[in-house]
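Chemist: One file: upload.pdb (PDB, N, CA and C atoms).
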MODEL        1
ATOM      1  N   MET A   1      -5.220  45.963  73.896
ATOM      2  CA  MET A   1      -3.867  46.453  73.933
ATOM      3  C   MET A   1      -3.444  46.775  72.499
ATOM      4  N   LYS A   2      -2.705  47.829  72.343
ATOM      5  CA  LYS A   2      -2.184  48.219  71.032
ATOM      6  C   LYS A   2      -0.858  47.503  70.771
ATOM      7  N   LEU A   3      -0.567  47.254  69.496
ATOM      8  CA  LEU A   3       0.650  46.561  69.100
ATOM      9  C   LEU A   3       1.889  47.294  69.587
ATOM     10  N   PHE A   4       1.908  48.589  69.476
ATOM     11  CA  PHE A   4       3.056  49.389  69.898
ATOM     12  C   PHE A   4       3.349  49.170  71.380
ATOM     13  N   ASP A   5       2.309  49.090  72.210
ATOM     14  CA  ASP A   5       2.482  48.856  73.647
ATOM     15  C   ASP A   5       3.062  47.476  73.909
ATOM     16  N   LEU A   6       2.586  46.480  73.177
ATOM     17  CA  LEU A   6       3.063  45.115  73.383
ATOM     18  C   LEU A   6       4.526  44.973  73.015
ATOM     19  N   ILE A   7       4.923  45.450  71.841
ATOM     20  CA  ILE A   7       6.314  45.242  71.436
ATOM     21  C   ILE A   7       7.290  46.056  72.266
ATOM     22  N   SER A   8       6.809  47.093  72.933
ATOM     23  CA  SER A   8       7.697  47.831  73.822
ATOM     24  C   SER A   8       8.014  47.034  75.087
ATOM     25  N   LEU A   9       7.233  45.998  75.371
ATOM     26  CA  LEU A   9       7.447  45.154  76.548
ATOM     27  C   LEU A   9       8.260  43.904  76.244
ATOM     28  N   VAL A  10       8.401  43.561  74.976
ATOM     29  CA  VAL A  10       9.075  42.330  74.569
ATOM     30  C   VAL A  10      10.548  42.619  74.312
ATOM     31  N   GLY A  11      11.420  41.667  74.650
ATOM     32  CA  GLY A  11      12.852  41.831  74.444
ATOM     33  C   GLY A  11      13.204  42.089  72.989
ATOM     34  N   ALA A  12      14.215  42.907  72.758
ATOM     35  CA  ALA A  12      14.594  43.333  71.407
ATOM     36  C   ALA A  12      15.028  42.183  70.511
ATOM     37  N   ASP A  13      15.584  41.113  71.073
ATOM     38  CA  ASP A  13      16.054  39.991  70.267
ATOM     39  C   ASP A  13      15.008  38.900  70.106
ATOM     40  N   GLU A  14      13.839  39.080  70.698
ATOM     41  CA  GLU A  14      12.754  38.100  70.582
ATOM     42  C   GLU A  14      12.252  38.051  69.143
ATOM     43  N   THR A  15      12.048  36.837  68.646
ATOM     44  CA  THR A  15      11.458  36.674  67.318
ATOM     45  C   THR A  15       9.956  36.855  67.442
ATOM     46  N   ILE A  16       9.400  37.673  66.573
ATOM     47  CA  ILE A  16       7.973  37.972  66.627
ATOM     48  C   ILE A  16       7.369  37.814  65.229
ATOM     49  N   HIS A  17       6.187  37.241  65.186
ATOM     50  CA  HIS A  17       5.458  37.071  63.930
ATOM     51  C   HIS A  17       4.130  37.792  64.102
ATOM     52  N   ILE A  18       3.939  38.875  63.379
ATOM     53  CA  ILE A  18       2.718  39.666  63.469
ATOM     54  C   ILE A  18       1.824  39.271  62.298
ATOM     55  N   VAL A  19       0.614  38.846  62.608
ATOM     56  CA  VAL A  19      -0.305  38.373  61.564
ATOM     57  C   VAL A  19      -1.656  39.046  61.690
ATOM     58  N   LYS A  20      -2.282  39.256  60.542
ATOM     59  CA  LYS A  20      -3.687  39.644  60.479
ATOM     60  C   LYS A  20      -4.461  38.381  60.151
ATOM     61  N   PRO A  21      -5.749  38.356  60.360
ATOM     62  CA  PRO A  21      -6.516  37.152  60.040
ATOM     63  C   PRO A  21      -6.366  36.689  58.588
ATOM     64  N   ASP A  22      -6.069  37.596  57.671
ATOM     65  CA  ASP A  22      -5.990  37.225  56.257
ATOM     66  C   ASP A  22      -4.574  37.117  55.690
ATOM     67  N   ASP A  23      -3.545  37.591  56.404
ATOM     68  CA  ASP A  23      -2.179  37.479  55.891
ATOM     69  C   ASP A  23      -1.150  37.811  56.965
ATOM     70  N   SER A  24       0.117  37.671  56.613
ATOM     71  CA  SER A  24       1.225  37.962  57.506
ATOM     72  C   SER A  24       1.689  39.399  57.288
ATOM     73  N   VAL A  25       1.928  40.109  58.382
ATOM     74  CA  VAL A  25       2.354  41.502  58.299
ATOM     75  C   VAL A  25       3.859  41.629  58.493
ATOM     76  N   TYR A  26       4.428  40.825  59.417
ATOM     77  CA  TYR A  26       5.846  40.956  59.742
ATOM     78  C   TYR A  26       6.348  39.674  60.378
ATOM     79  N   PHE A  27       7.586  39.308  60.082
ATOM     80  CA  PHE A  27       8.270  38.223  60.765
ATOM     81  C   PHE A  27       9.718  38.638  60.930
ATOM     82  N   GLY A  28      10.212  38.619  62.152
ATOM     83  CA  GLY A  28      11.593  38.995  62.437
ATOM     84  C   GLY A  28      11.745  39.337  63.904
ATOM     85  N   THR A  29      12.803  40.064  64.229
ATOM     86  CA  THR A  29      13.029  40.430  65.626
ATOM     87  C   THR A  29      12.273  41.707  65.978
ATOM     88  N   VAL A  30      12.031  41.876  67.254
ATOM     89  CA  VAL A  30      11.352  43.078  67.727
ATOM     90  C   VAL A  30      12.178  44.313  67.391
ATOM     91  N   ARG A  31      13.478  44.201  67.492
ATOM     92  CA  ARG A  31      14.359  45.337  67.195
ATOM     93  C   ARG A  31      14.121  45.851  65.773
ATOM     94  N   ASN A  32      13.940  44.956  64.822
ATOM     95  CA  ASN A  32      13.786  45.351  63.421
ATOM     96  C   ASN A  32      12.376  45.789  63.056
ATOM     97  N   VAL A  33      11.375  45.441  63.867
ATOM     98  CA  VAL A  33      10.011  45.848  63.531
ATOM     99  C   VAL A  33       9.892  47.370  63.519
ATOM    100  N   TYR A  34      10.657  48.056  64.352
ATOM    101  CA  TYR A  34      10.622  49.522  64.375
ATOM    102  C   TYR A  34      11.134  50.112  63.061
ATOM    103  N   ASN A  35      12.057  49.418  62.393
ATOM    104  CA  ASN A  35      12.606  49.904  61.126
ATOM    105  C   ASN A  35      11.694  49.614  59.946
ATOM    106  N   GLU A  36      10.908  48.550  60.046
ATOM    107  CA  GLU A  36      10.122  48.103  58.900
ATOM    108  C   GLU A  36       8.663  48.524  58.927
ATOM    109  N   ARG A  37       8.129  48.882  60.082
ATOM    110  CA  ARG A  37       6.724  49.254  60.195
ATOM    111  C   ARG A  37       6.611  50.698  60.681
ATOM    112  N   ASP A  38       5.663  51.422  60.187
ATOM    113  CA  ASP A  38       5.388  52.801  60.573
ATOM    114  C   ASP A  38       4.850  52.835  62.001
ATOM    115  N   SER A  39       5.351  53.747  62.838
ATOM    116  CA  SER A  39       4.911  53.796  64.233
ATOM    117  C   SER A  39       3.430  54.160  64.367
ATOM    118  N   ASP A  40       2.910  55.009  63.482
ATOM    119  CA  ASP A  40       1.481  55.334  63.525
ATOM    120  C   ASP A  40       0.636  54.102  63.232
ATOM    121  N   THR A  41       1.114  53.286  62.300
ATOM    122  CA  THR A  41       0.421  52.050  61.972
ATOM    123  C   THR A  41       0.426  51.104  63.157
ATOM    124  N   MET A  42       1.568  50.982  63.834
ATOM    125  CA  MET A  42       1.665  50.100  65.001
ATOM    126  C   MET A  42       0.791  50.596  66.148
ATOM    127  N   LYS A  43       0.668  51.893  66.284
ATOM    128  CA  LYS A  43      -0.187  52.448  67.346
ATOM    129  C   LYS A  43      -1.663  52.222  67.061
ATOM    130  N   ALA A  44      -2.017  52.087  65.781
ATOM    131  CA  ALA A  44      -3.419  51.878  65.405
ATOM    132  C   ALA A  44      -3.835  50.406  65.486
ATOM    133  N   ALA A  45      -2.874  49.500  65.453
ATOM    134  CA  ALA A  45      -3.178  48.064  65.436
ATOM    135  C   ALA A  45      -3.568  47.577  66.832
ATOM    136  N   THR A  46      -4.647  46.820  66.900
ATOM    137  CA  THR A  46      -5.125  46.238  68.146
ATOM    138  C   THR A  46      -4.724  44.768  68.200
ATOM    139  N   VAL A  47      -4.156  44.348  69.337
ATOM    140  CA  VAL A  47      -3.760  42.956  69.527
ATOM    141  C   VAL A  47      -4.983  42.148  69.934
ATOM    142  N   ASN A  48      -5.283  41.093  69.156
ATOM    143  CA  ASN A  48      -6.419  40.218  69.440
ATOM    144  C   ASN A  48      -6.008  38.941  70.144
ATOM    145  N   GLY A  49      -4.797  38.493  69.913
ATOM    146  CA  GLY A  49      -4.338  37.255  70.516
ATOM    147  C   GLY A  49      -2.832  37.149  70.491
ATOM    148  N   ILE A  50      -2.287  36.433  71.475
ATOM    149  CA  ILE A  50      -0.855  36.198  71.565
ATOM    150  C   ILE A  50      -0.670  34.706  71.813
ATOM    151  N   PHE A  51       0.183  34.070  71.017
ATOM    152  CA  PHE A  51       0.460  32.655  71.199
ATOM    153  C   PHE A  51       1.866  32.366  70.704
ATOM    154  N   THR A  52       2.374  31.168  70.980
ATOM    155  CA  THR A  52       3.711  30.804  70.524
ATOM    156  C   THR A  52       3.607  29.931  69.293
ATOM    157  N   GLY A  53       4.606  30.026  68.458
ATOM    158  CA  GLY A  53       4.660  29.238  67.239
ATOM    159  C   GLY A  53       5.649  29.839  66.269
ATOM    160  N   PHE A  54       6.014  29.080  65.234
ATOM    161  CA  PHE A  54       6.951  29.546  64.213
ATOM    162  C   PHE A  54       8.282  29.989  64.820
ATOM    163  N   GLY A  55       8.674  29.377  65.924
ATOM    164  CA  GLY A  55       9.952  29.696  66.549
ATOM    165  C   GLY A  55       9.975  31.003  67.309
ATOM    166  N   GLY A  56       8.821  31.523  67.682
ATOM    167  CA  GLY A  56       8.791  32.779  68.421
ATOM    168  C   GLY A  56       7.406  33.117  68.917
ATOM    169  N   LEU A  57       7.186  34.366  69.141
ATOM    170  CA  LEU A  57       5.928  34.889  69.651
ATOM    171  C   LEU A  57       5.049  35.305  68.478
ATOM    172  N   CYS A  58       3.832  34.788  68.415
ATOM    173  CA  CYS A  58       2.886  35.156  67.353
ATOM    174  C   CYS A  58       1.854  36.111  67.932
ATOM    175  N   VAL A  59       1.610  37.187  67.223
ATOM    176  CA  VAL A  59       0.667  38.211  67.657
ATOM    177  C   VAL A  59      -0.349  38.429  66.546
ATOM    178  N   GLU A  60      -1.614  38.188  66.847
ATOM    179  CA  GLU A  60      -2.676  38.415  65.872
ATOM    180  C   GLU A  60      -3.236  39.816  66.096
ATOM    181  N   ILE A  61      -3.339  40.582  65.005
ATOM    182  CA  ILE A  61      -3.778  41.977  65.111
ATOM    183  C   ILE A  61      -4.920  42.275  64.141
ATOM    184  N   THR A  62      -5.604  43.369  64.415
ATOM    185  CA  THR A  62      -6.494  44.025  63.450
ATOM    186  C   THR A  62      -6.128  45.498  63.483
ATOM    187  N   GLY A  63      -6.321  46.163  62.365
ATOM    188  CA  GLY A  63      -5.958  47.578  62.289
ATOM    189  C   GLY A  63      -7.181  48.457  62.182
ATOM    190  N   GLU A  64      -7.021  49.698  62.598
ATOM    191  CA  GLU A  64      -8.094  50.676  62.477
ATOM    192  C   GLU A  64      -8.138  51.189  61.041
ATOM    193  N   GLY A  65      -9.301  51.135  60.446
ATOM    194  CA  GLY A  65      -9.470  51.693  59.108
ATOM    195  C   GLY A  65      -8.685  50.982  58.026
ATOM    196  N   GLY A  66      -8.272  49.743  58.253
ATOM    197  CA  GLY A  66      -7.541  48.974  57.256
ATOM    198  C   GLY A  66      -6.143  49.496  56.989
ATOM    199  N   ARG A  67      -5.563  50.230  57.916
ATOM    200  CA  ARG A  67      -4.247  50.831  57.698
ATOM    201  C   ARG A  67      -3.096  49.856  57.856
ATOM    202  N   ILE A  68      -3.315  48.727  58.456
ATOM    203  CA  ILE A  68      -2.224  47.787  58.692
ATOM    204  C   ILE A  68      -1.960  46.993  57.426
TER     205      ILE A  68
ENDMDL
END
Could you show the structure in this file as structure tokens?
Modeler:
Amino acid sequence: MKLFDLISLVGADETIHIVKPDDSVYFGTVRNVYNERDSDTMKAATVNGIFTGFGGLCVEITGEGGRI
């Protein structure tokens, strides 16, 4: 599943923490992720895992071609 597809299903006020295996990419609400991340980048990111933690939904991703 692509990151863009996942966040389109999650409520706008949900807290989300997007992480890569080596660092954190984003922490905040789903509503604000659209303002802070490029949509092409979000479409290229593949979701590897979803779990709860840090007061919200944690999503582990990898990006195509290191673009994330």
Chemist: Residues at most 6 Å from range 48-59 of chain A, counting all atoms listed in the file, excluding those fewer than 4 positions away in the same chain, as a list in words?
Modeler: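 Answer for this query is Thr15, Ile16, His17, Ile18 and Val19 of chain A.
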Chemist: Quick one: which residues end up in the PyMOL selection byres (((chain A and resi 7 and name CA) around 12) and name CA) for this structure, as a PyMOL selection string?
Modeler: chain A and resi 1-6+8-18+29-34+37+39+42-43+45-47+50+57-59
Chemist: Among range 1-49 of chain A, which residues does DSSP mark as helix (DSSP H, G or I) when it is run on the backbone? Keep the chain and numbering as in the structure and answer as a short mmCIF file (atom, residue, chain, number, x, y, z; two decimals) with N, CA and C atoms, in the frame of the given file.
Modeler:
data_model
loop_
_atom_site.label_atom_id
_atom_site.label_comp_id
_atom_site.auth_asym_id
_atom_site.auth_seq_id
_atom_site.Cartn_x
_atom_site.Cartn_y
_atom_site.Cartn_z
N LEU A 3 -0.57 47.25 69.50
CA LEU A 3 0.65 46.56 69.10
C LEU A 3 1.89 47.29 69.59
N PHE A 4 1.91 48.59 69.48
CA PHE A 4 3.06 49.39 69.90
C PHE A 4 3.35 49.17 71.38
N ASP A 5 2.31 49.09 72.21
CA ASP A 5 2.48 48.86 73.65
C ASP A 5 3.06 47.48 73.91
N LEU A 6 2.59 46.48 73.18
CA LEU A 6 3.06 45.12 73.38
C LEU A 6 4.53 44.97 73.02
N ILE A 7 4.92 45.45 71.84
CA ILE A 7 6.31 45.24 71.44
C ILE A 7 7.29 46.06 72.27
N VAL A 30 12.03 41.88 67.25
CA VAL A 30 11.35 43.08 67.73
C VAL A 30 12.18 44.31 67.39
N ARG A 31 13.48 44.20 67.49
CA ARG A 31 14.36 45.34 67.19
C ARG A 31 14.12 45.85 65.77
N ASN A 32 13.94 44.96 64.82
CA ASN A 32 13.79 45.35 63.42
C ASN A 32 12.38 45.79 63.06
N VAL A 33 11.38 45.44 63.87
CA VAL A 33 10.01 45.85 63.53
C VAL A 33 9.89 47.37 63.52
N TYR A 34 10.66 48.06 64.35
CA TYR A 34 10.62 49.52 64.38
C TYR A 34 11.13 50.11 63.06
N ASN A 35 12.06 49.42 62.39
CA ASN A 35 12.61 49.90 61.13
C ASN A 35 11.69 49.61 59.95
N GLU A 36 10.91 48.55 60.05
CA GLU A 36 10.12 48.10 58.90
C GLU A 36 8.66 48.52 58.93
N SER A 39 5.35 53.75 62.84
CA SER A 39 4.91 53.80 64.23
C SER A 39 3.43 54.16 64.37
N ASP A 40 2.91 55.01 63.48
CA ASP A 40 1.48 55.33 63.52
C ASP A 40 0.64 54.10 63.23
N THR A 41 1.11 53.29 62.30
CA THR A 41 0.42 52.05 61.97
C THR A 41 0.43 51.10 63.16
N MET A 42 1.57 50.98 63.83
CA MET A 42 1.66 50.10 65.00
C MET A 42 0.79 50.60 66.15
N LYS A 43 0.67 51.89 66.28
CA LYS A 43 -0.19 52.45 67.35
C LYS A 43 -1.66 52.22 67.06
N ALA A 44 -2.02 52.09 65.78
CA ALA A 44 -3.42 51.88 65.40
C ALA A 44 -3.84 50.41 65.49
#
Chemist: According to DSSP computed on the backbone, where in chain A is there strand (DSSP E)? Give the residues as a list of chain:residue names.
Modeler: A:Thr15, A:Ile16, A:His17, A:Ile18, A:Val19, A:Lys20, A:Asp23, A:Ser24, A:Val25, A:Tyr26, A:Phe27, A:Gly28, A:Thr29, A:Thr46, A:Val47, A:Asn48, A:Gly49, A:Ile50, A:Phe51, A:Thr52, A:Gly53, A:Gly56, A:Leu57, A:Cys58, A:Val59, A:Glu60, A:Ile61, A:Thr62
Chemist: What does the distance from CA of Gly63 in chain A to atom C of Glu36 in chain A come to in Å, to one decimal?
Modeler: 15.0 Å
Chemist: Given the block above, output range 44-68 of chain A with N, CA and C atoms as a tab-separated table (two decimals), in the first residue's frame.
Modeler:
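Produced file selection-v2.tsv, reproduced below:
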chain	number	residue	atom	x	y	z
A	44	ALA	N	5.01	7.91	-3.74
A	44	ALA	CA	6.13	6.99	-3.98
A	44	ALA	C	6.46	6.13	-2.76
A	45	ALA	N	6.05	6.57	-1.58
A	45	ALA	CA	6.39	5.86	-0.34
A	45	ALA	C	5.52	4.61	-0.17
A	46	THR	N	6.16	3.50	0.16
A	46	THR	CA	5.47	2.24	0.41
A	46	THR	C	5.36	2.01	1.91
A	47	VAL	N	4.16	1.66	2.37
A	47	VAL	CA	3.93	1.37	3.78
A	47	VAL	C	4.37	-0.05	4.08
A	48	ASN	N	5.30	-0.20	5.05
A	48	ASN	CA	5.80	-1.51	5.44
A	48	ASN	C	5.13	-2.03	6.70
A	49	GLY	N	4.69	-1.14	7.56
A	49	GLY	CA	4.07	-1.56	8.80
A	49	GLY	C	3.25	-0.45	9.42
A	50	ILE	N	2.22	-0.84	10.16
A	50	ILE	CA	1.37	0.11	10.86
A	50	ILE	C	1.22	-0.40	12.29
A	51	PHE	N	1.46	0.47	13.26
A	51	PHE	CA	1.31	0.10	14.66
A	51	PHE	C	0.96	1.34	15.46
A	52	THR	N	0.58	1.16	16.72
A	52	THR	CA	0.24	2.30	17.57
A	52	THR	C	1.40	2.61	18.48
A	53	GLY	N	1.51	3.87	18.82
A	53	GLY	CA	2.56	4.33	19.71
A	53	GLY	C	2.73	5.82	19.59
A	54	PHE	N	3.46	6.42	20.54
A	54	PHE	CA	3.71	7.86	20.54
A	54	PHE	C	2.42	8.67	20.51
A	55	GLY	N	1.36	8.14	21.09
A	55	GLY	CA	0.09	8.85	21.16
A	55	GLY	C	-0.69	8.89	19.87
A	56	GLY	N	-0.40	7.99	18.95
A	56	GLY	CA	-1.12	7.98	17.68
A	56	GLY	C	-0.79	6.77	16.84
A	57	LEU	N	-0.98	6.90	15.58
A	57	LEU	CA	-0.75	5.85	14.60
A	57	LEU	C	0.66	5.99	14.04
A	58	CYS	N	1.46	4.93	14.12
A	58	CYS	CA	2.82	4.94	13.57
A	58	CYS	C	2.82	4.17	12.26
A	59	VAL	N	3.42	4.75	11.25
A	59	VAL	CA	3.49	4.14	9.93
A	59	VAL	C	4.94	4.08	9.50
A	60	GLU	N	5.44	2.88	9.26
A	60	GLU	CA	6.81	2.70	8.79
A	60	GLU	C	6.79	2.63	7.27
A	61	ILE	N	7.65	3.43	6.64
A	61	ILE	CA	7.66	3.52	5.18
A	61	ILE	C	9.07	3.31	4.61
A	62	THR	N	9.11	3.01	3.33
A	62	THR	CA	10.33	3.11	2.52
A	62	THR	C	9.93	3.87	1.27
A	63	GLY	N	10.88	4.58	0.70
A	63	GLY	CA	10.59	5.37	-0.49
A	63	GLY	C	11.27	4.81	-1.71
A	64	GLU	N	10.70	5.12	-2.86
A	64	GLU	CA	11.30	4.72	-4.13
A	64	GLU	C	12.44	5.67	-4.47
A	65	GLY	N	13.59	5.11	-4.75
A	65	GLY	CA	14.72	5.93	-5.18
A	65	GLY	C	15.24	6.89	-4.13
A	66	GLY	N	14.96	6.65	-2.86
A	66	GLY	CA	15.45	7.50	-1.78
A	66	GLY	C	14.82	8.88	-1.76
A	67	ARG	N	13.65	9.04	-2.35
A	67	ARG	CA	13.02	10.36	-2.44
A	67	ARG	C	12.35	10.80	-1.16
A	68	ILE	N	12.11	9.92	-0.24
A	68	ILE	CA	11.40	10.28	0.98
A	68	ILE	C	12.38	10.93	1.95
